[in-house]
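Okay, structure first, notes after.
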Amino acid sequence: MTGNVDELLRALLEIGVRPRPTDQASSVTVWIDTAFNGHLVFSRQLIDQLGLEQEAATDAILADGR
């Protein structure tokens with residue numbers, strides 16, 4: 001795997017995501033968290049767009065108040 005570090009010093013990696021093993025993969029750039037627990041966090045919009053099943057949900061407030 002090859003990734004890069006952006007101007008905000010985030011470790012980024014491009015991965016392929018697919019709802020089912022037989023589906024075509026969609027390319028998604030992800031931010032690698034140093035406390036990675038085996039799960040990826042996607043927005044509801046991306047989950048819907050890729051046709052993925054939601055495993056869990058949580059409410060969050062972003063730094064800009066959204």
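A note on labels: chains of the structure tokens are A, B, ... as shown, every chain counts residues from 1, and ligands are counted from 1 in their shown order.
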
Tell me which protein, DNA and RNA residues are within 12 Å of Met1 (chain A), counting only C-alpha atoms, leaving out same-chain ones fewer than 4 positions away, and put them as a compact mmCIF listing (two decimals) with N, CA, C and O atoms, in the first residue's frame.
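File written: result_1.txt
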# COMPACT_ATOMS: atom_id res chain seq x y z
N LEU A 12 -3.08 9.69 4.52
CA LEU A 12 -4.19 9.36 3.65
C LEU A 12 -3.84 8.14 2.80
O LEU A 12 -2.70 7.96 2.39
N LEU A 13 -4.85 7.33 2.54
CA LEU A 13 -4.67 6.12 1.74
C LEU A 13 -5.89 5.95 0.85
O LEU A 13 -7.02 6.17 1.29
N GLU A 14 -5.68 5.57 -0.40
CA GLU A 14 -6.79 5.31 -1.30
C GLU A 14 -7.09 3.81 -1.26
O GLU A 14 -6.20 2.98 -1.40
N ILE A 15 -8.37 3.49 -1.01
CA ILE A 15 -8.79 2.08 -0.92
C ILE A 15 -9.98 1.84 -1.84
O ILE A 15 -10.67 2.79 -2.23
N GLY A 16 -10.23 0.60 -2.16
CA GLY A 16 -11.41 0.22 -2.91
C GLY A 16 -12.48 -0.29 -1.96
O GLY A 16 -12.19 -1.09 -1.08

For the structure I just gave you, how does DSSP split chain A - specifically, which residues are helix (DSSP H, G or I)? Reply as a list in words. Arg44, Gln45, Leu46, Ile47, Asp48, Gln49 and Leu50 of chain A

All residues 12 Å or closer to Leu40 (chain A), only C-alpha atoms, same chain fewer than 2 positions away omitted, as a PyMOL selection string: chain A and resi 15+17+28-33+35-38+42-43+46-47+52+54-57

Atom-to-atom span, CA of Leu8 (chain A) and CA of Asp48 (chain A), Å: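 We find that CA of Leu8 (chain A) and CA of Asp48 (chain A) lie 27.8 Å from each other.
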
Could you check the closest approach to Ser26 (chain A) for each of A:Gly51, A:Arg44, A:Gly65, A:Ala60 and tell me which residue wins, using only C-alpha atoms? A:Gly51

Option closest in space to Arg20 (chain A), from A:Glu53, A:His39, A:Thr2, A:Glu7 [counting only C-alpha atoms]: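 Of A:Glu53, A:His39, A:Thr2, A:Glu7, the one nearest Arg20 (chain A), counting only C-alpha atoms, is A:Glu53.
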
Using backbone DSSP assignments, extract all strand (DSSP E) residues from chain A; output them as a PyMOL selection string. chain A and resi 3-5+11-17+26-31

Quick one: write out the picked residues with all heavy atoms as a short mmCIF file (atom, residue, chain, number, x, y, z; two decimals), in the first residue's frame?
data_model
loop_
_atom_site.label_atom_id
_atom_site.label_comp_id
_atom_site.auth_asym_id
_atom_site.auth_seq_id
_atom_site.Cartn_x
_atom_site.Cartn_y
_atom_site.Cartn_z
N GLY A 3 0.49 5.46 0.40
CA GLY A 3 -0.37 6.59 0.72
C GLY A 3 0.42 7.87 0.65
O GLY A 3 1.50 7.92 0.07
N ASN A 4 -0.12 8.90 1.24
CA ASN A 4 0.59 10.17 1.30
C ASN A 4 0.15 10.94 2.53
O ASN A 4 -0.81 10.58 3.19
CB ASN A 4 0.34 11.00 0.03
CG ASN A 4 -1.08 11.46 -0.11
OD1 ASN A 4 -2.01 10.69 0.02
ND2 ASN A 4 -1.25 12.74 -0.36
N VAL A 5 0.90 11.97 2.83
CA VAL A 5 0.59 12.86 3.95
C VAL A 5 0.22 14.21 3.35
O VAL A 5 0.97 14.75 2.53
CB VAL A 5 1.78 12.99 4.91
CG1 VAL A 5 1.49 13.98 6.03
CG2 VAL A 5 2.15 11.62 5.49
N ALA A 11 -2.37 11.24 7.46
CA ALA A 11 -1.96 10.09 6.66
C ALA A 11 -3.18 9.63 5.85
O ALA A 11 -4.20 9.27 6.43
CB ALA A 11 -1.47 8.98 7.56
N LEU A 12 -3.08 9.69 4.52
CA LEU A 12 -4.19 9.36 3.65
C LEU A 12 -3.84 8.14 2.80
O LEU A 12 -2.70 7.96 2.39
CB LEU A 12 -4.53 10.54 2.74
CG LEU A 12 -4.85 11.86 3.43
CD1 LEU A 12 -5.02 12.96 2.41
CD2 LEU A 12 -6.07 11.73 4.32
N LEU A 13 -4.85 7.33 2.54
CA LEU A 13 -4.67 6.12 1.74
C LEU A 13 -5.89 5.95 0.85
O LEU A 13 -7.02 6.17 1.29
CB LEU A 13 -4.54 4.91 2.67
CG LEU A 13 -4.27 3.56 2.06
CD1 LEU A 13 -2.89 3.53 1.40
CD2 LEU A 13 -4.34 2.50 3.13
N GLU A 14 -5.68 5.57 -0.40
CA GLU A 14 -6.79 5.31 -1.30
C GLU A 14 -7.09 3.81 -1.26
O GLU A 14 -6.20 2.98 -1.40
CB GLU A 14 -6.42 5.72 -2.73
CG GLU A 14 -7.61 5.71 -3.66
CD GLU A 14 -7.29 6.35 -4.99
OE1 GLU A 14 -6.71 7.45 -4.99
OE2 GLU A 14 -7.64 5.74 -6.01
N ILE A 15 -8.37 3.49 -1.01
CA ILE A 15 -8.79 2.08 -0.92
C ILE A 15 -9.98 1.84 -1.84
O ILE A 15 -10.67 2.79 -2.23
CB ILE A 15 -9.15 1.67 0.52
CG1 ILE A 15 -10.36 2.48 1.04
CG2 ILE A 15 -7.96 1.80 1.45
CD1 ILE A 15 -10.94 1.98 2.34
N GLY A 16 -10.23 0.60 -2.16
CA GLY A 16 -11.41 0.22 -2.91
C GLY A 16 -12.48 -0.29 -1.96
O GLY A 16 -12.19 -1.09 -1.08
N VAL A 17 -13.71 0.18 -2.13
CA VAL A 17 -14.82 -0.22 -1.27
C VAL A 17 -15.93 -0.75 -2.16
O VAL A 17 -16.25 -0.17 -3.18
CB VAL A 17 -15.34 0.99 -0.45
CG1 VAL A 17 -16.53 0.61 0.40
CG2 VAL A 17 -14.23 1.57 0.41
N SER A 26 -15.41 0.97 -5.63
CA SER A 26 -15.33 2.42 -5.77
C SER A 26 -14.12 2.89 -5.00
O SER A 26 -13.86 2.43 -3.89
CB SER A 26 -16.58 3.08 -5.19
OG SER A 26 -17.73 2.72 -5.91
N SER A 27 -13.36 3.80 -5.55
CA SER A 27 -12.16 4.32 -4.90
C SER A 27 -12.53 5.40 -3.89
O SER A 27 -13.27 6.32 -4.22
CB SER A 27 -11.22 4.88 -5.97
OG SER A 27 -10.05 5.36 -5.37
N VAL A 28 -12.02 5.26 -2.67
CA VAL A 28 -12.29 6.22 -1.60
C VAL A 28 -10.97 6.56 -0.93
O VAL A 28 -10.18 5.66 -0.62
CB VAL A 28 -13.27 5.63 -0.56
CG1 VAL A 28 -13.49 6.59 0.59
CG2 VAL A 28 -14.58 5.25 -1.20
N THR A 29 -10.71 7.84 -0.71
CA THR A 29 -9.53 8.25 0.05
C THR A 29 -9.90 8.31 1.52
O THR A 29 -10.88 8.97 1.88
CB THR A 29 -9.00 9.61 -0.42
OG1 THR A 29 -8.67 9.52 -1.81
CG2 THR A 29 -7.77 10.03 0.36
N VAL A 30 -9.14 7.60 2.36
CA VAL A 30 -9.45 7.54 3.79
C VAL A 30 -8.30 8.13 4.59
O VAL A 30 -7.15 8.13 4.18
CB VAL A 30 -9.74 6.10 4.25
CG1 VAL A 30 -10.99 5.56 3.58
CG2 VAL A 30 -8.56 5.18 3.98
N TRP A 31 -8.64 8.64 5.74
CA TRP A 31 -7.69 9.20 6.69
C TRP A 31 -7.39 8.11 7.70
O TRP A 31 -8.29 7.62 8.38
CB TRP A 31 -8.30 10.42 7.34
CG TRP A 31 -7.52 11.11 8.41
CD1 TRP A 31 -6.25 10.85 8.83
CD2 TRP A 31 -7.97 12.20 9.20
NE1 TRP A 31 -5.88 11.70 9.82
CE2 TRP A 31 -6.94 12.55 10.07
CE3 TRP A 31 -9.15 12.92 9.25
CZ2 TRP A 31 -7.04 13.58 10.99
CZ3 TRP A 31 -9.25 13.94 10.17
CH2 TRP A 31 -8.21 14.27 11.02
#
